[in-house]
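Down below is the structure, laid out as structure tokens.
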Amino acid sequence: MSSRRKEPQSEEDLPSQLKALSNRHAIEILQVLSPATGEMVPTLGWDSIVDGLLAQDGIQPPLAPKSGERTQEQVEYEEKRQSLMSGGTIYETMNKLAKAKFVTSSGERGKKQRGFMITHKGRLALAAVGQLGGPIRADTDVKRAASILLKHKNFVSLLPSQEKFLREIHDIDTNLVIQMPPGSGKTFLAMIAVLLKLQQGVRCLYLSPYTSLSRQVVEEYGPLFEELGYSVVRLDGLHHASDKQLEDASLLIVMYESLFEALLQKKKWTDHIGLAVIDELTELDSAQPELEAHTAGTDRSTKLDMVIAFLKDKSQLITLSSRFGETGEVSDWLGAQVFRPDVRLAPDEFIVFREDDEFRIKSSDGTQKASLQKEDALDAVMLHLGDYQKKSVLVVVGYRTRAEGVARWLAQRFPRSTADGLPEHIIGSGEMLPLSGRLEQVLQFGTAFHHSGLDAGVRERLEHAIGEKQVRTVASTTGITSGISFPFDCVIILLDPNMYFMTTRSRYLQVAGRIGEYHLSRHGGRVYLVFEGPSRRFSTPEVMQDRLLNKPLEPLFPGGMYPGLAVGILVREAFTRKKFTRDSLEKCFLDRVRSTLRARIDRDYSDEMTDYFRTTFNWMVREKVFEKVEKEYKMAKDAKAAVEAGLDILDFLSVRGRLENLGSQDLVDILLDLRLPQAIRPRTIRPLVAELDIMGIEQPDDWYLQRLPERRETKKMVIEKWIDEKEVGEIVEEARESTRGITLDEGDLASLLGICSDAAVNLAGYLKSMKKKDLADEMQVLGRRLRYGVRKDLAKSDLLELKLLAGDDTPSNRLPRADARVLFERGYESIRDVVRKDIDASKRGLARDRFAQNSGLEPGRAIDIYKAALKHIRASIEDG
């Protein structure tokens with residue numbers, strides 16, 4: 001009996017087979033056709049294949065309604081099916097898979113009943129692709145969600161820590177503490193959990209410490225979630241959202257402080273959050289070792305501690321951070337499982353210090369030593385680093401002006417080439433800003449400085465350019481070291497006495513971690529720790545090395561209670577009650593405080609809270625925030641109105657007397673009496689006497705009190721010039737000349753104006769509730785003037801709300817105030833006027849061309865504005 005010899009596969013077949021696998025949807029089709037282990041190989045028709053492809057993207061077919069009528073969900077699902085099937089792409093790909101013998105077909109070609117089955121060769125090809133580190137074998141819900149995210153981000157493989165997570169974590173239904181180094185893919189793992197919960201109809205919250213981190217999450221994952229039908233809403237100092245938008249959102253991306261205020265006000269949108277992801281849990285560690293009058297209420301660790309105490313009773317929690325000491329204490333507090341990969345990558349670490357007339361550079365493990373005769377430590381480090389043109393370098397310093405000075409020095413001493421047009425792109429169009437102008441000068445030499453004084457839009461574009469390696473030399477304050485990892489090859493830390501942040505090993509690791517584990521695993525990295533002289537914390541290089549490189553990681557220790565928070569908790573509990581007893585309020589207060597991490601690890605603190613409650617409660621009674629009614633209490637009518645309007649009670653107490661006789665000339669002054677405007681640089685916080693008594697601390701130092709009037713006048717000046725339509729550059733330059741020691745840059749100005757605008761709207765709401773309608777209207781107009789930077793006449797126009805570009809309602813997308821002023825002066829006082837004012841049937845030509853001629857603006861610009869106005873009007877009509 002003769003045997004049939006198997007023909008060897010010709011090498012000519014391989015390119016065509018690889019080409020077949022490279023077609024769009026090819027791998028996904030094979031995955032749909034491939035059976036689970038132990039099951040029969042199925043034959044699937046087009047309908048089943050399309051449903052399978054949609055399922056890979058997390059899109060499931062809706063259940064059929066009992067009424068028999070099609071639901072909106074069914075209509076949307078069918079539209080997605082038709083979109084996938086139209087254009088012939090999947091049919092063409094299937095034909096190529098069949099030709100490559102990865103798939104076999106049955107039934108007549110072109111018929112709907114045609115079936116397809118994966119061949120043995122097709123299964124081998126699919127397995128080979130998986131071995132290359134491609135799509136995950138999606139045999140659990142967690143892995144299926146990871147596959148969807150990998151496909152969206154176009155990743156071909158996972159990082160080692162991520163692979164370990166998928167091997168060990170098969171479901172994510174309990175609280176979880178994820179401890180991984182910077183740049184190791186923590187956010188990706190959190191988004192797996194978010195996607196799983198969204199698919200289950202659970203509302204999710206991503207809690208971010210920084211606007212840059214919020215932006216990164218929105219940019220990387222927002223489009224995918226929106227495509228899957230889940231609404232994503234961002235709330236922070238740069239992005240506003242209405243309560244309705246927040247209530248309707250599937251995924252909320254919110255800053256710590258924004259959520260803190262909303263929880264104290266019992267905002268409806270904070271209810272029914274099923275999953276909360278808390279990024280950078282190490283922010284629970286207080287950066288304020290001593291309680292001082294001029295920093296009272298600014299410790300974000302205390303606020304985060306209270307936020308988590310609120311959330312952990314009603315939401316599943318996932319925390320993200322690098323390692324910290326005594327993790328078990330935190331995991332027990334949260335009732336959480338800990339995921340912490342065993343393998344960690346570390347950069348080479350070097351200590352730099354001056355001895356005699358030269359700089360000594362030695363590795364932390366003692367294996368490398370060098371002595372260099374240079375005038376400057378940074379010059380010595382750059383020489384030791386070698387071939388800087390091939391490396392990306394971050395220099396971290398303690399304050400803004402030094403970051404700018406170091407950037408100028410690097411631009412002159414170690415210049416780089418830069419792409420044509422990159423500086424102009426980063427700086428952007430619009431008003432010329434002083435700080436942005438200085439940044440543009442160093443960008444010409446491939447160098448940048450980075451700190452929070454930069455305009456938000458400029459900072460955003462700069463961070464993107466750094467991430468894309470378009471800018472490879474950066475001098476920055478510690479702000480850049482929080483949240484986002486960048487592809488730096490080297491981090492140089494100039495440890496001057498002003499760098500109060502750098503006191504512990506965990507904070508050092510946060511700064512050193514900007515290299516990122518992904519970059520570190522492929523390219524390695526170096527950290528230079530430069531000792532610049534003795535300080536209160538580090539007397540010698542050896543002490544610095546021991547504390548920052550050798551000491552065990554410190555446990556997290558949040559800051560303690562302060563009067564503003566205590567009052568906020570009391571008011572939160574009292575606000576929704578008609579009457580309450582002192583004992584019931586005390587129990588609520590103590591229960592809330594004792595659920596914090598600080599109370600768990602500091603027994604004395606927990607015991608002290610009984611006296612803290614009594615002192616604070618008595619204060620509220622004296623100030624008539626709480627009024628006694630027989631044996632019970634109730635909130636005073638005006639205090640309740642203040643809370644309903646969004647005012648902080650301590651702010652209300654600060655201005656209550658002045659509100660009774662408030663005149664229109666006092667509106668700006670009263671805004672500067674509020675806490676949040678006072679907290680903006682240059683700081684003008686002046687606690688109430690009762691607050692200082694409760695905290696047991698003295699009045700601020702004399703030097704601070706002496707500068708308060710000057711700083712306050714500077715803030716008032718910049719506000720008044722802004723609403724008088726003066727240029728930002730002129731405002732900032734005048735502020736720089738009038739303040740000593742601390743500058744007010746364009747980023748600070750934007751923060752001040754945004755906070756003051758919101759505060760004005762809140763005050764307007766209070767004044768309206770107290771029947772002061774005229775004053776409320778003036779305050780409301782002031783809120784618009786502060787937001788848009790215009791005089792009173794233009795503030796009443798909706799021109800300022802005209803969006804020229806798609807996207808969020810940010811200043812860069814709106815009609816500039818200078819263009820709005822030109823239009824207003826030409827008689828176009830509303831968006832409707834832009835569209836209708838030049839309609840004239842008796843004249844030849846188009847209304848838009850007449851508008852372009854009459855607007856006073858450059859014709860092309862005018863046409864763009866006309867189109868945006870027309871789109872706005874049409875959208876208004878469609879919305880009803």
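Lettering and numbering for the structure tokens are positional, with chains as A, B, ... in the shown order, residues counted from 1 in each chain, and ligands counted from 1 in the shown order.
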Alpha helix (DSSP H) call set, DSSP backbone run, range 376-523 of chain A, as a PyMOL selection string: chain A and resi 377-385+400-413+422-427+434-443+456-467+505-512+517-523
Give me the residues near range 295-304 of chain A as a list of chain:residue names, where near means some atom within 8 Å (using only C-alpha atoms) and where sequence neighbours in that chain fewer than 2 positions away do not count. A:Tyr256, A:Glu257, A:Phe260, A:Glu283, A:Leu284, A:Asp285, A:Ser286, A:Ala287, A:Gln288, A:Leu291, A:Glu292, A:Ala293, A:Met306, A:Val307, A:Ile308, A:Pro558, A:Gly559, A:Gly560, A:Met561, A:Tyr562, A:Pro563, A:Gly564, A:Leu565, A:Ala679, A:Ile685, A:Pro687
Measuring atom to atom with only C-alpha atoms, identify which of A:Phe445, A:Tyr612, A:Arg582, A:Thr473 is nearest to Lys628 in chain A. A:Arg582
As a ChimeraX atom specification, please: every residue in range 144-198 of chain A that DSSP puts in strand (DSSP E or B). /A:176-179
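If only C-alpha atoms are the atoms counted, then among A:Phe617, A:Phe102, A:Phe310, A:Phe488 the closest residue to Ala262 in chain A is A:Phe310.
Close contacts of Glu730 in chain A, defined as residues with an atom at most 12 Å away when counting only C-alpha atoms, with chain neighbours fewer than 2 positions off set aside, comprise Glu431, Met432, Leu433, Pro434, Leu435, Met717, Val718, Lys721, Trp722, Glu725, Lys726, Glu727, Val728, Val732, Glu733, Glu734, Ala735, Arg736, Glu737, Asp745 and Glu746 of chain A.
Among A:Leu410, A:Leu383, A:Leu53, A:Leu44, the residue with the shortest atom-to-atom distance to Val103 in chain A, counting only C-alpha atoms, is A:Leu44.
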Using only C-alpha atoms, the shortest atom-to-atom distance to Gly568 in chain A among A:Gln265, A:Ser539, A:Ser429, A:Asn762 belongs to A:Gln265
Residues of range 559-597 of chain A at most 10 Å from range 323-338 of chain A: nearest atom pair and distance in Å, only C-alpha atoms, as a Markdown table:
```
| residue | atom | partner | partner_atom | distance |
| --- | --- | --- | --- | --- |
| A:Ser595 | CA | A:Trp333 | CA | 8.4 |
| A:Thr596 | CA | A:Trp333 | CA | 8.3 |
| A:Leu597 | CA | A:Trp333 | CA | 6.8 |
```
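As for CA of Ser34 in chain A and CA of Ala127 in chain A, they are spaced 10.3 Å apart.
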Give me the residues near Leu662 in chain A as a count of residues only, where near means some atom within 12 Å (using only C-alpha atoms) and where sequence neighbours in that chain fewer than 2 positions away do not count. 22
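Proximity ranking of A:Ser322, A:Ser584, A:Gln31, A:Ser214 relative to Pro181 in chain A places A:Ser322 first, based on only C-alpha atoms.
Nearest residue to Ala750 in chain A, choosing from A:Cys588, A:Val458, A:Leu345, A:Leu238 and counting only C-alpha atoms: A:Leu238.
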d(CA of Phe486 in chain A, CA of Gly513 in chain A) in Å: 9.2 Å
If I take CA of Leu176 in chain A and CA of Phe339 in chain A, how far is one from the other in Å, to one decimal? 7.2 Å
For Leu320 in chain A: contacts at 7 Å, only C-alpha atoms, fewer than 3 positions along chain excluded, given as JSON, numbers by chain: {"A": [177, 178, 179, 186, 278, 279, 280, 281]}
Same residues, N, CA, C and O atoms, output as a compact mmCIF listing (two decimals), in the first residue's frame:
```txt
# COMPACT_ATOMS: atom_id res chain seq x y z
N VAL A 177 -4.81 47.38 45.99
CA VAL A 177 -3.70 48.33 46.06
C VAL A 177 -2.65 47.86 45.05
O VAL A 177 -2.05 46.79 45.22
N ILE A 178 -2.44 48.64 43.99
CA ILE A 178 -1.45 48.30 42.97
C ILE A 178 -0.21 49.15 43.21
O ILE A 178 -0.26 50.38 43.15
N GLN A 179 0.92 48.49 43.48
CA GLN A 179 2.18 49.18 43.71
C GLN A 179 3.16 48.80 42.61
O GLN A 179 3.65 47.66 42.58
N LYS A 186 0.69 51.10 35.25
CA LYS A 186 -0.37 51.00 36.27
C LYS A 186 -1.72 51.47 35.73
O LYS A 186 -2.75 50.85 35.98
N ILE A 278 -7.90 55.59 42.42
CA ILE A 278 -7.20 56.70 43.08
C ILE A 278 -5.74 56.64 42.67
O ILE A 278 -4.99 55.75 43.09
N ASP A 279 -5.35 57.57 41.82
CA ASP A 279 -3.98 57.57 41.32
C ASP A 279 -3.06 58.33 42.28
O ASP A 279 -3.47 59.29 42.94
N GLU A 280 -1.80 57.90 42.31
CA GLU A 280 -0.76 58.50 43.17
C GLU A 280 -1.17 58.50 44.65
O GLU A 280 -1.29 59.54 45.30
N LEU A 281 -1.40 57.31 45.20
CA LEU A 281 -1.80 57.19 46.60
C LEU A 281 -0.74 57.76 47.54
O LEU A 281 -1.06 58.12 48.68
```
Would you mind listing what lies within 12 Å of Leu54 in chain A as a ChimeraX atom specification, with only C-alpha atoms counted and same-chain residues fewer than 2 positions away left out? /A:25,28-29,32,47-52,56-61,77-85,148,227-228
Residue subset to file, keeping N, CA, C and O atoms, as a CSV table (one decimal), in the first residue's frame:
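Result file is again_21.csv:
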```
chain,number,residue,atom,x,y,z
A,25,HIS,N,-8.6,43.3,10.2
A,25,HIS,CA,-9.5,42.3,10.8
A,25,HIS,C,-9.1,40.9,10.6
A,25,HIS,O,-9.8,40.0,11.0
A,28,GLU,N,-8.4,39.2,14.0
A,28,GLU,CA,-9.7,39.2,14.7
A,28,GLU,C,-10.6,38.1,14.2
A,28,GLU,O,-11.3,37.4,14.9
A,29,ILE,N,-10.7,38.0,12.8
A,29,ILE,CA,-11.6,37.0,12.2
A,29,ILE,C,-11.1,35.6,12.6
A,29,ILE,O,-11.9,34.7,13.0
A,32,VAL,N,-12.2,34.9,16.1
A,32,VAL,CA,-13.7,34.6,16.2
A,32,VAL,C,-13.9,33.1,15.8
A,32,VAL,O,-14.7,32.4,16.4
A,47,ASP,N,-23.2,36.7,9.9
A,47,ASP,CA,-23.8,37.3,11.1
A,47,ASP,C,-23.1,37.0,12.3
A,47,ASP,O,-22.8,37.9,13.2
A,48,SER,N,-22.7,35.7,12.5
A,48,SER,CA,-22.0,35.3,13.8
A,48,SER,C,-20.6,35.9,13.8
A,48,SER,O,-20.1,36.3,14.9
A,49,ILE,N,-20.0,36.0,12.6
A,49,ILE,CA,-18.6,36.6,12.6
A,49,ILE,C,-18.6,38.0,12.9
A,49,ILE,O,-17.8,38.5,13.7
A,50,VAL,N,-19.6,38.8,12.4
A,50,VAL,CA,-19.7,40.2,12.7
A,50,VAL,C,-20.0,40.4,14.1
A,50,VAL,O,-19.4,41.3,14.8
A,51,ASP,N,-20.9,39.6,14.7
A,51,ASP,CA,-21.2,39.8,16.1
A,51,ASP,C,-20.0,39.5,16.9
A,51,ASP,O,-19.7,40.1,18.0
A,52,GLY,N,-19.2,38.5,16.5
A,52,GLY,CA,-18.0,38.2,17.2
A,52,GLY,C,-16.9,39.3,17.2
A,52,GLY,O,-16.2,39.6,18.2
A,56,GLN,N,-15.4,41.5,20.4
A,56,GLN,CA,-14.0,41.7,20.7
A,56,GLN,C,-13.7,43.2,21.2
A,56,GLN,O,-12.8,43.5,21.9
A,57,ASP,N,-14.6,44.1,20.7
A,57,ASP,CA,-14.5,45.5,21.1
A,57,ASP,C,-15.4,45.8,22.2
A,57,ASP,O,-15.6,47.0,22.6
A,58,GLY,N,-15.9,44.8,22.9
A,58,GLY,CA,-16.7,45.0,24.1
A,58,GLY,C,-18.2,45.4,23.8
A,58,GLY,O,-18.9,45.9,24.6
A,59,ILE,N,-18.6,45.2,22.5
A,59,ILE,CA,-20.0,45.7,22.1
A,59,ILE,C,-20.8,44.4,22.0
A,59,ILE,O,-20.6,43.6,21.1
A,60,GLN,N,-21.8,44.3,22.9
A,60,GLN,CA,-22.6,43.1,22.9
A,60,GLN,C,-24.0,43.4,22.4
A,60,GLN,O,-24.5,44.5,22.5
A,61,PRO,N,-24.7,42.4,21.7
A,61,PRO,CA,-26.0,42.7,21.2
A,61,PRO,C,-27.0,42.9,22.3
A,61,PRO,O,-27.0,42.2,23.3
A,77,TYR,N,-26.8,49.3,17.7
A,77,TYR,CA,-26.1,48.1,17.5
A,77,TYR,C,-26.1,47.7,16.0
A,77,TYR,O,-25.1,47.3,15.4
A,78,GLU,N,-27.3,47.8,15.4
A,78,GLU,CA,-27.4,47.5,14.0
A,78,GLU,C,-26.6,48.4,13.1
A,78,GLU,O,-26.0,48.0,12.1
A,79,GLU,N,-26.5,49.7,13.5
A,79,GLU,CA,-25.7,50.7,12.7
A,79,GLU,C,-24.2,50.3,12.8
A,79,GLU,O,-23.5,50.4,11.8
A,80,LYS,N,-23.8,49.8,13.9
A,80,LYS,CA,-22.4,49.4,14.1
A,80,LYS,C,-22.1,48.1,13.2
A,80,LYS,O,-21.1,48.0,12.6
A,81,ARG,N,-23.1,47.2,13.2
A,81,ARG,CA,-22.9,46.0,12.3
A,81,ARG,C,-22.8,46.4,10.9
A,81,ARG,O,-22.0,45.9,10.1
A,82,GLN,N,-23.7,47.3,10.5
A,82,GLN,CA,-23.7,47.7,9.0
A,82,GLN,C,-22.4,48.4,8.7
A,82,GLN,O,-21.9,48.3,7.6
A,83,SER,N,-21.9,49.2,9.6
A,83,SER,CA,-20.7,50.0,9.4
A,83,SER,C,-19.5,49.0,9.2
A,83,SER,O,-18.7,49.2,8.4
A,84,LEU,N,-19.5,47.9,10.0
A,84,LEU,CA,-18.5,46.9,9.9
A,84,LEU,C,-18.6,46.1,8.5
A,84,LEU,O,-17.6,45.8,7.9
A,85,MET,N,-19.8,45.9,8.1
A,85,MET,CA,-20.0,45.1,6.9
A,85,MET,C,-19.9,45.9,5.6
A,85,MET,O,-19.7,45.3,4.6
A,148,ILE,N,-9.1,44.4,24.5
A,148,ILE,CA,-9.7,45.5,23.9
A,148,ILE,C,-8.8,46.8,24.0
A,148,ILE,O,-8.6,47.5,23.1
A,227,GLU,N,-16.3,55.7,22.0
A,227,GLU,CA,-16.7,54.8,20.9
A,227,GLU,C,-17.5,53.6,21.3
A,227,GLU,O,-18.4,53.2,20.6
A,228,LEU,N,-17.3,53.1,22.6
A,228,LEU,CA,-18.0,52.0,23.1
A,228,LEU,C,-19.4,52.5,23.7
A,228,LEU,O,-20.1,51.6,24.2
```
